[in-house]
Structure formats: structure tokens, C-alpha cells
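> My structure file entry-v5.txt, compact mmCIF, C-alpha atoms, is below:
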# COMPACT_ATOMS: atom_id res chain seq x y z
CA MET A 1 108.27 67.72 42.26
CA THR A 2 108.58 66.91 45.96
CA ILE A 3 111.96 68.65 46.13
CA LEU A 4 110.47 71.73 44.47
CA ALA A 5 107.52 71.72 46.88
CA ASN A 6 109.93 71.50 49.82
CA GLN A 7 111.93 74.43 48.44
CA VAL A 8 108.77 76.51 48.11
CA GLU A 9 107.73 75.67 51.67
CA ASP A 10 111.23 76.48 52.98
CA ASP A 11 111.24 79.86 51.25
CA LEU A 12 107.70 80.58 52.43
CA PHE A 13 108.65 79.78 56.02
CA ASN A 14 111.85 81.85 55.74
CA LEU A 15 109.83 84.80 54.47
CA PHE A 16 107.59 84.84 57.57
CA ASN A 17 109.79 83.00 60.13
CA ASP A 18 106.63 81.44 61.53
CA THR A 19 103.44 79.68 60.47
CA ASN A 20 101.30 82.64 61.46
CA VAL A 21 98.22 84.11 59.80
CA LYS A 22 100.25 85.84 57.07
CA TYR A 23 102.05 82.58 56.26
CA LYS A 24 98.77 80.69 56.02
CA SER A 25 97.14 83.39 53.92
CA LYS A 26 100.06 83.42 51.49
CA TYR A 27 99.98 79.61 51.34
CA ARG A 28 96.27 79.62 50.47
CA SER A 29 96.81 82.30 47.83
CA LEU A 30 99.68 80.36 46.26
CA ARG A 31 97.67 77.15 46.28
CA PHE A 32 94.62 78.79 44.71
CA ASN A 33 96.63 80.48 41.96
CA ILE A 34 98.77 77.43 41.19
CA LYS A 35 95.65 75.24 40.84
CA ASP A 36 93.87 77.77 38.59
CA GLN A 37 94.02 76.24 35.11
CA LYS A 38 93.68 79.66 33.50
CA ASN A 39 96.85 80.74 35.29
CA THR A 40 100.34 80.13 33.88
CA LEU A 41 101.86 80.08 37.36
CA PHE A 42 102.15 76.28 37.54
CA ARG A 43 103.94 76.21 34.18
CA ARG A 44 106.35 78.94 35.27
CA ILE A 45 107.18 76.98 38.44
CA ALA A 46 107.56 73.65 36.61
CA ASP A 47 109.89 75.03 33.93
CA ARG A 48 111.90 76.83 36.63
CA SER A 49 111.40 80.26 35.05
CA LEU A 50 110.08 81.25 38.47
CA THR A 51 112.17 80.25 41.48
CA PRO A 52 110.62 79.24 44.81
CA TYR A 53 112.24 82.33 46.36
CA ASP A 54 110.56 84.63 43.82
CA LEU A 55 107.29 82.69 43.88
CA VAL A 56 106.62 83.28 47.57
CA ARG A 57 107.32 87.00 47.12
CA LEU A 58 104.81 87.57 44.32
CA THR A 59 102.02 90.01 45.06
CA PRO A 60 98.42 88.88 44.52
CA GLU A 61 98.35 90.96 41.34
CA GLU A 62 101.49 89.25 40.03
CA MET A 63 100.06 85.80 40.79
CA ALA A 64 96.69 86.39 39.18
CA SER A 65 95.74 84.83 35.88
CA THR A 66 95.59 87.15 32.89
CA GLU A 67 91.81 86.96 32.94
CA LEU A 68 91.61 87.91 36.63
CA ALA A 69 94.20 90.66 36.20
CA GLN A 70 92.20 92.16 33.33
CA TRP A 71 88.99 92.00 35.39
CA ARG A 72 90.72 93.75 38.32
CA GLU A 73 92.03 96.43 35.97
CA ARG A 74 88.55 97.03 34.52
CA GLU A 75 87.06 97.24 38.02
CA ALA A 76 89.74 99.69 39.19
CA LYS A 77 89.16 101.86 36.10
CA HIS A 78 85.41 101.77 36.72
CA GLU A 79 85.89 102.84 40.35
CA ILE A 80 88.17 105.71 39.30
CA ASP A 81 85.62 106.82 36.68
CA MET A 82 82.85 106.79 39.30
CA ILE A 83 84.96 108.86 41.69
CA LYS A 84 85.73 111.38 38.93
CA LYS A 85 82.04 111.59 38.02
CA THR A 86 81.06 112.20 41.65
CA GLU A 87 83.75 114.84 42.08
CA LEU A 88 82.66 116.65 38.91
CA GLU A 89 79.04 116.59 40.07
CA ASN A 90 80.12 118.03 43.41
CA LEU A 91 82.04 120.82 41.67
CA ASN A 92 78.96 121.75 39.65
CA GLN A 93 76.71 121.97 42.71
CA PRO A 94 75.84 125.49 43.83
CA LYS A 95 77.82 126.59 46.84
CA VAL A 96 75.75 127.04 49.98
CA ARG A 97 77.11 129.19 52.76
CA PHE A 98 75.92 128.68 56.27
CA VAL A 99 76.19 131.56 58.68
CA TYR A 100 76.18 130.80 62.34
CA HIS A 101 74.83 133.46 64.67
CA SER A 102 75.15 133.07 68.36
CA LEU A 103 72.40 134.40 70.57
So, in terms of C-alpha cells, how does the structure I just supplied come out?

Amino acid sequence: MTILANQVEDDLFNLFNDTNVKYKSKYRSLRFNIKDQKNTLFRRIADRSLTPYDLVRLTPEEMASTELAQWREREAKHEIDMIKKTELENLNQPKVRFVYHSL
């Protein structure tokens, strides 16, 4: 497992070419998602179905557990529905025209 961890770190460093804020943020995200027992990410790394190169390039959505991904999808749908509702309400509002007269 140490060799695998070193490969992940090498690919992570090569992705950012530095240990800057983006590197650290990605590291924390990887660590959080790998430790999440509801997430299959650890299993995919251990059985080598996910390479270190591909691992460090996953988006947050791709890393998320199924449960978290479903929650995000529900929230996004809810936000879209609320925007649609607001837009429809705005369309149904009477139009008010302001006339500006200079003195």
C-alpha cells in the first residue's frame, strides 16, 4: 500500500507542480472521500480499477459516494425548480411602465 500511496502523491504533485493551495485542497478532498465508508473509492483504488493518475483527476462529483451524489442531484433539482417557479411568478406579474419626465 505504501507504493500505491507514493504513486498517488507523485501523480498529485505532477498535476499541480507544486504543493500550493489547489494541491492541498485536492489532497484533503481525496483523503475525505477515501476515508468515507459509504464511498467505494477506497475499493476502486485497492483493486486497481482506478489508477493513481485517474484518481487525482477525479472531480468532486466523481469522487462522491452514491449517497452524497444523490443528495447533490436532489438539491440541484430543487434549486432549478425554485428558479423556474420564481421566473413563472415574475412572468405573471402585471407589467408596470415608468415614465420619466424631466423638468
> With only C-alpha atoms as the basis for distance, which of A:Thr59, A:Leu30, A:Lys24, A:Lys77 is at the shortest distance from Ile45 in chain A?
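The answer is A:Leu30, which sits nearest to Ile45 in chain A.
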> Give the answer as one residue: which of A:Gln93, A:Lys84, A:His101, A:Val8 has the shortest atom-to-atom distance to Leu50 in chain A, using all atoms listed in the file?
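Checking each candidate against Leu50 in chain A, we get A:Val8 as the closest.
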> Could you work out how far CA of Leu41 in chain A lies from CA of Glu62 in chain A, giving the answer in Å with one decimal?
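We find that CA of Glu62 in chain A and CA of Leu41 in chain A lie 9.6 Å from each other.
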> May I have the residues within 10 Å of Leu68 in chain A as number ranges by chain, using only C-alpha atoms and disregarding those fewer than 6 positions away in the same chain?
A: 38-39, 61, 74
> Restricting the calculation to all atoms listed in the file, which member of A:Glu67, A:Glu87, A:Glu9, A:Asp18 is positioned closest to Asp36 in chain A?
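Closest candidate: A:Glu67.
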> Please list as a PyMOL selection string every residue within 12 Å of Ala46 in chain A, counting all atoms listed in the file and excluding residues in the same chain fewer than 4 positions away.
chain A and resi 1-5+8+34+40-42+50-52+55
